[in-house]
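Working notes, beginning with the structure itself.
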Amino acid sequence: MPVKLDSLTKRAESVVERVNQDNPYHAFLSVLPDVGDRALQIESKMQSQTSGSLGGLIVAVKDNISVRGIPTTCGSAILENYIPPYDATVVKKIVSADGLIIGKTNMDEFAMGSSTEHSAFGTVRNPVDETRVPGGSSGGSAAAVAGGLVDVALGSDTGGSIRQPAAFCGIAGIKPTYGRVSRYGLVAFASSLDQIGVFSKNIENAAKLLTVISGVDPDDSTSSNTPVPDYSAVLGKEIGGLRVGIPKEYLSEGLNDEIHRQIEKCIDFFRKSGAEIVPVSLPHTSYAIATYYIIATAEASSNLARYDGIRYGLSKRGGDLESVYRETRAEGFGDEVTRRIVLGTYVLSAGYYDAYYDKAQRVRRLIKEDFVKVFQQVDILFTPTTPTTAFPIGGKIEDPLAMYLSDVYTVPASLAGVPAISVPLGNASDNLPIGGQIIGNYFDEETILQVGHYIERNFSLI
Amino acid sequence: MEIDVKVVGKIAELAKLTLTDAEKLKYAAQLEQILDYVHQLSQVDTSSVQPLSHVHEMTNVFRDDSFGESLAKEDVFKNAPERLGDYFRVPKVIKELNS
């Protein structure tokens, strides 16, 4: 296919200009230098057909993923002036595959939130309806893709932070298997759950980017050496004979009627496409949110102990050492992060460890075993991504528990560590997007991408 | 349940956070609500279940005992709030004998 000269460069430069001018949706926190020069270099490689697999794609990176020499704030005042001295492994891989990274995207502070209202640098707006939240915590990346500013974006997903914003903004978002993608250079939130993943308007580009960033990394000892297939190779396959599990716990109380109807419609579509629909149960689903908010906050309270004002980041000097710690953290951390540190410290403290943290780890095993058992019966699980469509900005900010409960369908797969993708299933009557979640077995990203692609091509046709 | 301003104050001390009285009140109420919700886990019988801390249950991932590239000292100190030679400078932690 002949490539039009300077098309990538023109496209990238015009986006950079828009972001510098009025930062649409408040999606970006910083723009990288030399975008035009780098675009030209990639384009000349494309001309000579020597470019990597991401040649021609404009990429945004969530601001908790390190890019050497570029501020990495995590949406927090405590890291406002922090400039990482190294690249995350995923960033290195994207650059060497000729992806054009143009900027860092806004997010809930330290990835804690479901609306991107908890950024220290302003709220992101949903491109579909700017009075609504884009979801979170990777709301900036989701908005940048949904608003057409970039082709693909990196996010991170600890309890739903890729899938939920993808659903709210009407795009695809995949959280790979725990360990599939190196987290070297990702600022840690909850280390037993964090995973880097991908946003894209179409499955084809999501598969391309995931193929590039996946794989074992000596700098991340939790990364897996399971071989990485070419995720693009399975796209286009039919789904006849596929066993689709429908867990009853995901279609119960609290699910919006219109989303429920759209999920049923898609189940019917699977059936007509030759898939076998299997009603299944994941009996510990209702305990997932409680388990998650103990484990995630416990790990966060420990991970965030490193922000002490000594080696980098904000530092409130003047008093003794203790006051440097306390004043730096009091001023640097926002409300939600402070709440989670307090909760996490509490559940780990002497006298409460067994009742909360140890208990949650035991229930986590039961939740994981639910998935292990059900995947002996089915190839994928199909569920809604979220119980509601995008809620209004300000709608849940005063009620932390209500905000936490918006992750009810995404948290279980995070606790189990299995891969899951949210794909657009059309819109509700108020035009807000509805997302369907496809959950796969460990390291079977291929099947969920294949089914996502099948939905993308065929679902709107029925 | 058991969360009051005093408990939040103690936790804030452990977590090295300075909280105002108004913040302590707010977090006490919110924590109580969240812990009430979390309390449902006690319904689950886990007496014969082992805790799960890592989904793949990997242990001891070793790498070759060889040296690789590390960051340049100047790069590392670029973010330092206060530097003294090749050290991060902190307020004096040793008290005067007579103070």
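Ordering of the structure tokens sets the chain letters (A, B, ...); residue numbers start at 1 within each chain; ligands are numbered from 1 in the order shown.
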
_If we count only C-alpha atoms and set the cut-off at 6 Å, which residues sit around region 12-24 of chain B, ignoring sequence neighbours fewer than 6 positions away in its own chain? Please answer as a PyMOL selection string._
(chain A and resi 326+329-330) or (chain B and resi 5)

_Neighbour list for region 286-294 of chain A as a list in words, cut-off 8 Å, only C-alpha atoms, skip fewer than 5 positions in-chain_ = Gly159, Glu249, Leu343, Gly344, Val347, Tyr356, Tyr357, Ala360, Gln361, Val363, Arg364, Ile367, Tyr404, Leu405, Asp407, Val408, Val411, Pro412 and Leu415 of chain A; Tyr37, Val38, His39, Gln40 and Leu41 of chain B

Next, write the just-selected residues to a file, as a short mmCIF file (atom, residue, chain, number, x, y, z; two decimals), in the first residue's frame, keeping N, CA and C atoms as the atom set.
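Generated file (selection.cif):
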data_model
loop_
_atom_site.label_atom_id
_atom_site.label_comp_id
_atom_site.auth_asym_id
_atom_site.auth_seq_id
_atom_site.Cartn_x
_atom_site.Cartn_y
_atom_site.Cartn_z
N GLY A 159 -7.86 -2.57 38.99
CA GLY A 159 -9.16 -3.17 39.31
C GLY A 159 -10.20 -2.90 38.24
N GLU A 249 -23.91 -14.26 38.19
CA GLU A 249 -23.68 -13.21 39.19
C GLU A 249 -23.49 -11.83 38.57
N LEU A 343 -6.73 3.61 55.04
CA LEU A 343 -7.41 2.32 55.06
C LEU A 343 -6.41 1.17 54.97
N GLY A 344 -5.44 1.29 54.07
CA GLY A 344 -4.45 0.24 53.87
C GLY A 344 -3.57 0.05 55.10
N VAL A 347 -5.72 -1.83 57.78
CA VAL A 347 -5.93 -3.27 57.60
C VAL A 347 -4.64 -4.07 57.77
N TYR A 356 -8.59 -8.62 58.48
CA TYR A 356 -8.81 -7.97 57.19
C TYR A 356 -7.87 -8.51 56.11
N TYR A 357 -6.57 -8.25 56.24
CA TYR A 357 -5.65 -8.55 55.14
C TYR A 357 -5.55 -10.06 54.88
N ALA A 360 -8.79 -11.37 53.47
CA ALA A 360 -8.98 -11.00 52.07
C ALA A 360 -8.12 -11.86 51.14
N GLN A 361 -6.91 -12.18 51.58
CA GLN A 361 -6.04 -13.03 50.75
C GLN A 361 -6.60 -14.44 50.60
N VAL A 363 -9.93 -15.15 50.74
CA VAL A 363 -11.09 -15.05 49.85
C VAL A 363 -10.60 -14.86 48.40
N ARG A 364 -9.47 -14.17 48.25
CA ARG A 364 -8.92 -14.00 46.90
C ARG A 364 -8.63 -15.36 46.26
N ILE A 367 -11.83 -16.72 44.96
CA ILE A 367 -12.25 -16.02 43.74
C ILE A 367 -11.43 -16.53 42.55
N TYR A 404 -16.36 3.04 44.51
CA TYR A 404 -15.70 1.72 44.49
C TYR A 404 -16.62 0.67 43.84
N LEU A 405 -17.93 0.78 44.10
CA LEU A 405 -18.85 -0.23 43.61
C LEU A 405 -19.04 -0.16 42.09
N ASP A 407 -16.80 -0.53 40.12
CA ASP A 407 -15.83 -1.49 39.57
C ASP A 407 -16.26 -2.95 39.77
N VAL A 408 -17.54 -3.16 40.09
CA VAL A 408 -17.98 -4.48 40.54
C VAL A 408 -17.74 -5.59 39.51
N VAL A 411 -13.32 -5.92 38.81
CA VAL A 411 -12.40 -6.31 39.88
C VAL A 411 -12.13 -7.83 39.95
N PRO A 412 -13.15 -8.69 39.75
CA PRO A 412 -12.88 -10.13 39.91
C PRO A 412 -11.76 -10.64 39.00
N LEU A 415 -8.41 -9.69 40.42
CA LEU A 415 -8.00 -10.50 41.57
C LEU A 415 -7.50 -11.87 41.12
N TYR B 37 -18.88 -2.35 55.04
CA TYR B 37 -19.12 -3.06 53.79
C TYR B 37 -18.20 -4.28 53.69
N VAL B 38 -16.93 -4.06 54.02
CA VAL B 38 -15.91 -5.10 53.91
C VAL B 38 -16.18 -6.27 54.87
N HIS B 39 -16.89 -5.95 55.92
CA HIS B 39 -17.16 -6.94 56.97
C HIS B 39 -17.87 -8.19 56.46
N GLN B 40 -18.54 -8.08 55.29
CA GLN B 40 -19.24 -9.23 54.71
C GLN B 40 -18.30 -10.42 54.46
N LEU B 41 -16.99 -10.17 54.39
CA LEU B 41 -16.06 -11.28 54.15
C LEU B 41 -16.10 -12.30 55.28
#

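These are the residues of region 96-246 of chain A assigned strand (DSSP E) by DSSP from backbone coordinates: Leu100, Ile101, Ile102, Gly103, Lys104, Thr105, Val152, Ala153, Leu154, Gly155, Ser156, Asp157, Ala172, Gly173, Ile174, Lys175, Gln195, Ile196, Gly197, Val198, Phe199, Ser200, Arg243, Val244, Gly245 and Ile246 of chain A.
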
Same residues, N, CA and C atoms, output as a short mmCIF file (atom, residue, chain, number, x, y, z; two decimals), in the first residue's frame:
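This is the output file selection_11.cif:
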data_model
loop_
_atom_site.label_atom_id
_atom_site.label_comp_id
_atom_site.auth_asym_id
_atom_site.auth_seq_id
_atom_site.Cartn_x
_atom_site.Cartn_y
_atom_site.Cartn_z
N LEU A 100 4.72 6.30 17.40
CA LEU A 100 5.05 7.71 17.64
C LEU A 100 4.37 8.19 18.93
N ILE A 101 5.16 8.25 20.01
CA ILE A 101 4.59 8.69 21.29
C ILE A 101 4.54 10.21 21.30
N ILE A 102 3.35 10.77 21.53
CA ILE A 102 3.25 12.24 21.48
C ILE A 102 3.02 12.88 22.85
N GLY A 103 2.53 12.13 23.83
CA GLY A 103 2.29 12.80 25.12
C GLY A 103 1.89 11.85 26.22
N LYS A 104 1.78 12.44 27.44
CA LYS A 104 1.42 11.71 28.65
C LYS A 104 0.01 12.12 29.05
N THR A 105 -0.79 11.13 29.45
CA THR A 105 -2.21 11.43 29.68
C THR A 105 -2.59 11.51 31.16
N VAL A 152 -3.80 4.91 19.45
CA VAL A 152 -3.78 3.93 20.55
C VAL A 152 -3.15 4.60 21.77
N ALA A 153 -3.43 4.02 22.94
CA ALA A 153 -2.84 4.58 24.16
C ALA A 153 -2.56 3.46 25.15
N LEU A 154 -1.56 3.70 26.00
CA LEU A 154 -1.29 2.77 27.09
C LEU A 154 -2.05 3.24 28.33
N GLY A 155 -2.58 2.27 29.06
CA GLY A 155 -3.16 2.54 30.36
C GLY A 155 -2.62 1.53 31.35
N SER A 156 -3.05 1.64 32.58
CA SER A 156 -2.76 0.59 33.55
C SER A 156 -4.07 0.22 34.22
N ASP A 157 -4.18 -1.06 34.59
CA ASP A 157 -5.44 -1.59 35.11
C ASP A 157 -5.13 -2.37 36.38
N ALA A 172 -12.27 0.14 22.66
CA ALA A 172 -11.79 -1.14 23.19
C ALA A 172 -10.67 -0.90 24.18
N GLY A 173 -10.63 -1.69 25.25
CA GLY A 173 -9.55 -1.59 26.23
C GLY A 173 -9.25 -2.96 26.79
N ILE A 174 -7.98 -3.36 26.72
CA ILE A 174 -7.62 -4.70 27.17
C ILE A 174 -6.64 -4.67 28.34
N LYS A 175 -6.98 -5.45 29.36
CA LYS A 175 -6.06 -5.72 30.47
C LYS A 175 -5.55 -7.13 30.25
N GLN A 195 -1.36 -4.06 36.04
CA GLN A 195 -0.96 -4.58 34.74
C GLN A 195 -1.14 -3.48 33.70
N ILE A 196 -0.15 -3.35 32.80
CA ILE A 196 -0.24 -2.37 31.72
C ILE A 196 -1.06 -2.97 30.57
N GLY A 197 -1.88 -2.15 29.94
CA GLY A 197 -2.67 -2.62 28.80
C GLY A 197 -2.91 -1.50 27.80
N VAL A 198 -3.87 -1.73 26.91
CA VAL A 198 -3.97 -0.95 25.68
C VAL A 198 -5.39 -0.45 25.43
N PHE A 199 -5.49 0.79 24.94
CA PHE A 199 -6.76 1.34 24.42
C PHE A 199 -6.65 1.51 22.91
N SER A 200 -7.75 1.25 22.21
CA SER A 200 -7.77 1.48 20.77
C SER A 200 -9.21 1.57 20.31
N ARG A 243 -17.12 -21.96 23.29
CA ARG A 243 -17.97 -22.09 24.47
C ARG A 243 -17.95 -20.79 25.28
N VAL A 244 -19.10 -20.12 25.30
CA VAL A 244 -19.20 -18.81 25.95
C VAL A 244 -19.93 -18.96 27.28
N GLY A 245 -19.23 -18.73 28.38
CA GLY A 245 -19.86 -18.82 29.70
C GLY A 245 -20.52 -17.51 30.08
N ILE A 246 -21.75 -17.62 30.59
CA ILE A 246 -22.46 -16.42 31.05
C ILE A 246 -22.62 -16.55 32.58
#

*Can you list every residue in chain B that DSSP puts in helix (DSSP H, G or I), as a ChimeraX atom specification?*
/B:5-14,21-43,73-77

The selected residues should be written to file as a compact mmCIF listing (two decimals), in the first residue's frame (atoms: N, CA, C and O atoms).
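Listed below is the output, part_8.txt:
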# COMPACT_ATOMS: atom_id res chain seq x y z
N VAL B 5 -11.95 9.23 65.76
CA VAL B 5 -10.90 10.19 65.45
C VAL B 5 -9.55 9.74 66.01
O VAL B 5 -8.50 9.93 65.40
N LYS B 6 -9.60 9.12 67.18
CA LYS B 6 -8.36 8.67 67.82
C LYS B 6 -7.67 7.57 66.99
O LYS B 6 -6.45 7.58 66.81
N VAL B 7 -8.48 6.64 66.51
CA VAL B 7 -7.91 5.56 65.67
C VAL B 7 -7.30 6.13 64.40
O VAL B 7 -6.17 5.78 64.03
N VAL B 8 -8.02 7.05 63.76
CA VAL B 8 -7.49 7.66 62.53
C VAL B 8 -6.20 8.41 62.84
O VAL B 8 -5.23 8.36 62.08
N GLY B 9 -6.14 9.08 63.97
CA GLY B 9 -4.93 9.81 64.38
C GLY B 9 -3.74 8.87 64.54
O GLY B 9 -2.63 9.15 64.08
N LYS B 10 -4.00 7.72 65.14
CA LYS B 10 -2.94 6.72 65.34
C LYS B 10 -2.45 6.18 63.99
O LYS B 10 -1.25 6.04 63.75
N ILE B 11 -3.42 5.88 63.11
CA ILE B 11 -3.06 5.37 61.78
C ILE B 11 -2.27 6.42 60.99
O ILE B 11 -1.28 6.10 60.34
N ALA B 12 -2.70 7.68 61.09
CA ALA B 12 -1.99 8.75 60.38
C ALA B 12 -0.55 8.84 60.86
O ALA B 12 0.37 9.08 60.08
N GLU B 13 -0.35 8.61 62.16
CA GLU B 13 1.00 8.64 62.70
C GLU B 13 1.84 7.51 62.10
O GLU B 13 2.98 7.72 61.69
N LEU B 14 1.26 6.31 62.04
CA LEU B 14 1.97 5.16 61.46
C LEU B 14 2.31 5.42 59.99
O LEU B 14 3.35 5.01 59.50
N ASP B 21 -8.01 18.07 62.18
CA ASP B 21 -9.12 17.46 62.92
C ASP B 21 -10.31 17.19 62.01
O ASP B 21 -10.98 16.16 62.13
N ALA B 22 -10.57 18.13 61.10
CA ALA B 22 -11.70 17.95 60.18
C ALA B 22 -11.47 16.73 59.28
O ALA B 22 -12.39 15.95 59.02
N GLU B 23 -10.23 16.55 58.82
CA GLU B 23 -9.92 15.38 57.98
C GLU B 23 -10.07 14.09 58.77
O GLU B 23 -10.60 13.10 58.27
N LYS B 24 -9.61 14.12 60.02
CA LYS B 24 -9.74 12.91 60.85
C LYS B 24 -11.19 12.50 61.01
O LYS B 24 -11.54 11.32 60.90
N LEU B 25 -12.04 13.51 61.23
CA LEU B 25 -13.49 13.24 61.38
C LEU B 25 -14.05 12.63 60.11
O LEU B 25 -14.78 11.63 60.14
N LYS B 26 -13.70 13.23 58.97
CA LYS B 26 -14.22 12.77 57.68
C LYS B 26 -13.75 11.34 57.40
O LYS B 26 -14.56 10.47 57.07
N TYR B 27 -12.44 11.10 57.54
CA TYR B 27 -11.93 9.75 57.24
C TYR B 27 -12.48 8.71 58.22
O TYR B 27 -12.70 7.56 57.84
N ALA B 28 -12.70 9.11 59.47
CA ALA B 28 -13.26 8.16 60.44
C ALA B 28 -14.63 7.69 59.97
O ALA B 28 -14.93 6.49 59.96
N ALA B 29 -15.47 8.62 59.55
CA ALA B 29 -16.82 8.26 59.09
C ALA B 29 -16.76 7.42 57.82
O ALA B 29 -17.45 6.40 57.70
N GLN B 30 -15.90 7.82 56.88
CA GLN B 30 -15.84 7.09 55.61
C GLN B 30 -15.23 5.70 55.80
O GLN B 30 -15.69 4.73 55.21
N LEU B 31 -14.21 5.62 56.67
CA LEU B 31 -13.58 4.32 56.92
C LEU B 31 -14.55 3.37 57.58
O LEU B 31 -14.59 2.18 57.27
N GLU B 32 -15.32 3.91 58.48
CA GLU B 32 -16.30 3.08 59.17
C GLU B 32 -17.29 2.50 58.16
O GLU B 32 -17.62 1.32 58.20
N GLN B 33 -17.73 3.34 57.22
CA GLN B 33 -18.67 2.90 56.20
C GLN B 33 -18.02 1.81 55.31
O GLN B 33 -18.63 0.78 55.03
N ILE B 34 -16.79 2.06 54.91
CA ILE B 34 -16.10 1.09 54.03
C ILE B 34 -15.85 -0.23 54.79
O ILE B 34 -16.09 -1.32 54.26
N LEU B 35 -15.42 -0.13 56.03
CA LEU B 35 -15.15 -1.36 56.80
C LEU B 35 -16.43 -2.13 57.10
O LEU B 35 -16.43 -3.36 57.17
N ASP B 36 -17.53 -1.41 57.27
CA ASP B 36 -18.83 -2.07 57.43
C ASP B 36 -19.14 -2.92 56.21
O ASP B 36 -19.59 -4.06 56.32
N TYR B 37 -18.88 -2.35 55.04
CA TYR B 37 -19.12 -3.06 53.79
C TYR B 37 -18.20 -4.28 53.69
O TYR B 37 -18.63 -5.38 53.33
N VAL B 38 -16.93 -4.06 54.02
CA VAL B 38 -15.91 -5.10 53.91
C VAL B 38 -16.18 -6.27 54.87
O VAL B 38 -15.79 -7.40 54.63
N HIS B 39 -16.89 -5.95 55.92
CA HIS B 39 -17.16 -6.94 56.97
C HIS B 39 -17.87 -8.19 56.46
O HIS B 39 -17.80 -9.25 57.07
N GLN B 40 -18.54 -8.08 55.29
CA GLN B 40 -19.24 -9.23 54.71
C GLN B 40 -18.30 -10.42 54.46
O GLN B 40 -18.77 -11.55 54.34
N LEU B 41 -16.99 -10.17 54.39
CA LEU B 41 -16.06 -11.28 54.15
C LEU B 41 -16.10 -12.30 55.28
O LEU B 41 -15.75 -13.46 55.10
N SER B 42 -16.53 -11.86 56.46
CA SER B 42 -16.58 -12.79 57.59
C SER B 42 -17.62 -13.89 57.37
O SER B 42 -17.59 -14.92 58.06
N GLN B 43 -18.53 -13.70 56.41
CA GLN B 43 -19.51 -14.75 56.09
C GLN B 43 -18.85 -15.94 55.39
O GLN B 43 -19.42 -17.03 55.33
N LYS B 73 25.03 8.62 37.92
CA LYS B 73 24.83 9.31 39.20
C LYS B 73 24.16 10.67 39.00
O LYS B 73 23.24 11.04 39.72
N GLU B 74 24.62 11.39 38.01
CA GLU B 74 24.06 12.73 37.78
C GLU B 74 22.57 12.67 37.45
O GLU B 74 21.79 13.51 37.88
N ASP B 75 22.18 11.64 36.69
CA ASP B 75 20.76 11.47 36.35
C ASP B 75 19.93 11.22 37.60
O ASP B 75 18.83 11.74 37.76
N VAL B 76 20.48 10.40 38.49
CA VAL B 76 19.74 10.03 39.70
C VAL B 76 19.56 11.25 40.61
O VAL B 76 18.50 11.47 41.18
N PHE B 77 20.62 12.06 40.71
CA PHE B 77 20.55 13.20 41.64
C PHE B 77 19.74 14.38 41.08
O PHE B 77 19.44 15.31 41.80

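Proximity to Leu193 (chain A) was assessed for A:Glu336, A:Glu299, A:Glu80, A:Asp129 counting only C-alpha atoms; the smallest distance is recorded for A:Glu299.
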
*Tell me, in Å to one decimal, how far CA of Gly160 (chain A) is from CA of Ala111 (chain A).*
10.3 Å

*Do a neighbour search on region 305-320 of chain A at 10 Å with only C-alpha atoms, toss out local chain neighbours closer than 6 positions, and write the hits as a ChimeraX atom specification.*
/A:73,76-84,326-333,341 /B:15-16,76-83,87-93

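Picture a line from CA of Arg38 (chain A) to CA of Val67 (chain A); it runs 15.2 Å.
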
_Selection near Ser53 (chain B), 12 Å with only C-alpha atoms, sequence-local residues under 2 positions removed, as a ChimeraX atom specification_ = /A:190-193,295-296,298-299,357-365,368,415-417 /B:50-51,55-59

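Here CA of Gly55 (chain A) is placed at a distance of 7.6 Å from CA of Glu43 (chain A).
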
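Nearest-residue note for chain B: choosing from A:Pro218, A:Gly36, A:Gly426, A:Gly147, the minimum distance belongs to A:Pro218, counting only C-alpha atoms.
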
*Kindly indicate which residue among A:Tyr409, A:Met403, A:Asp219, A:Lys237 lies nearest to Asp64 (chain B), using only C-alpha atoms for the distances.*
A:Asp219
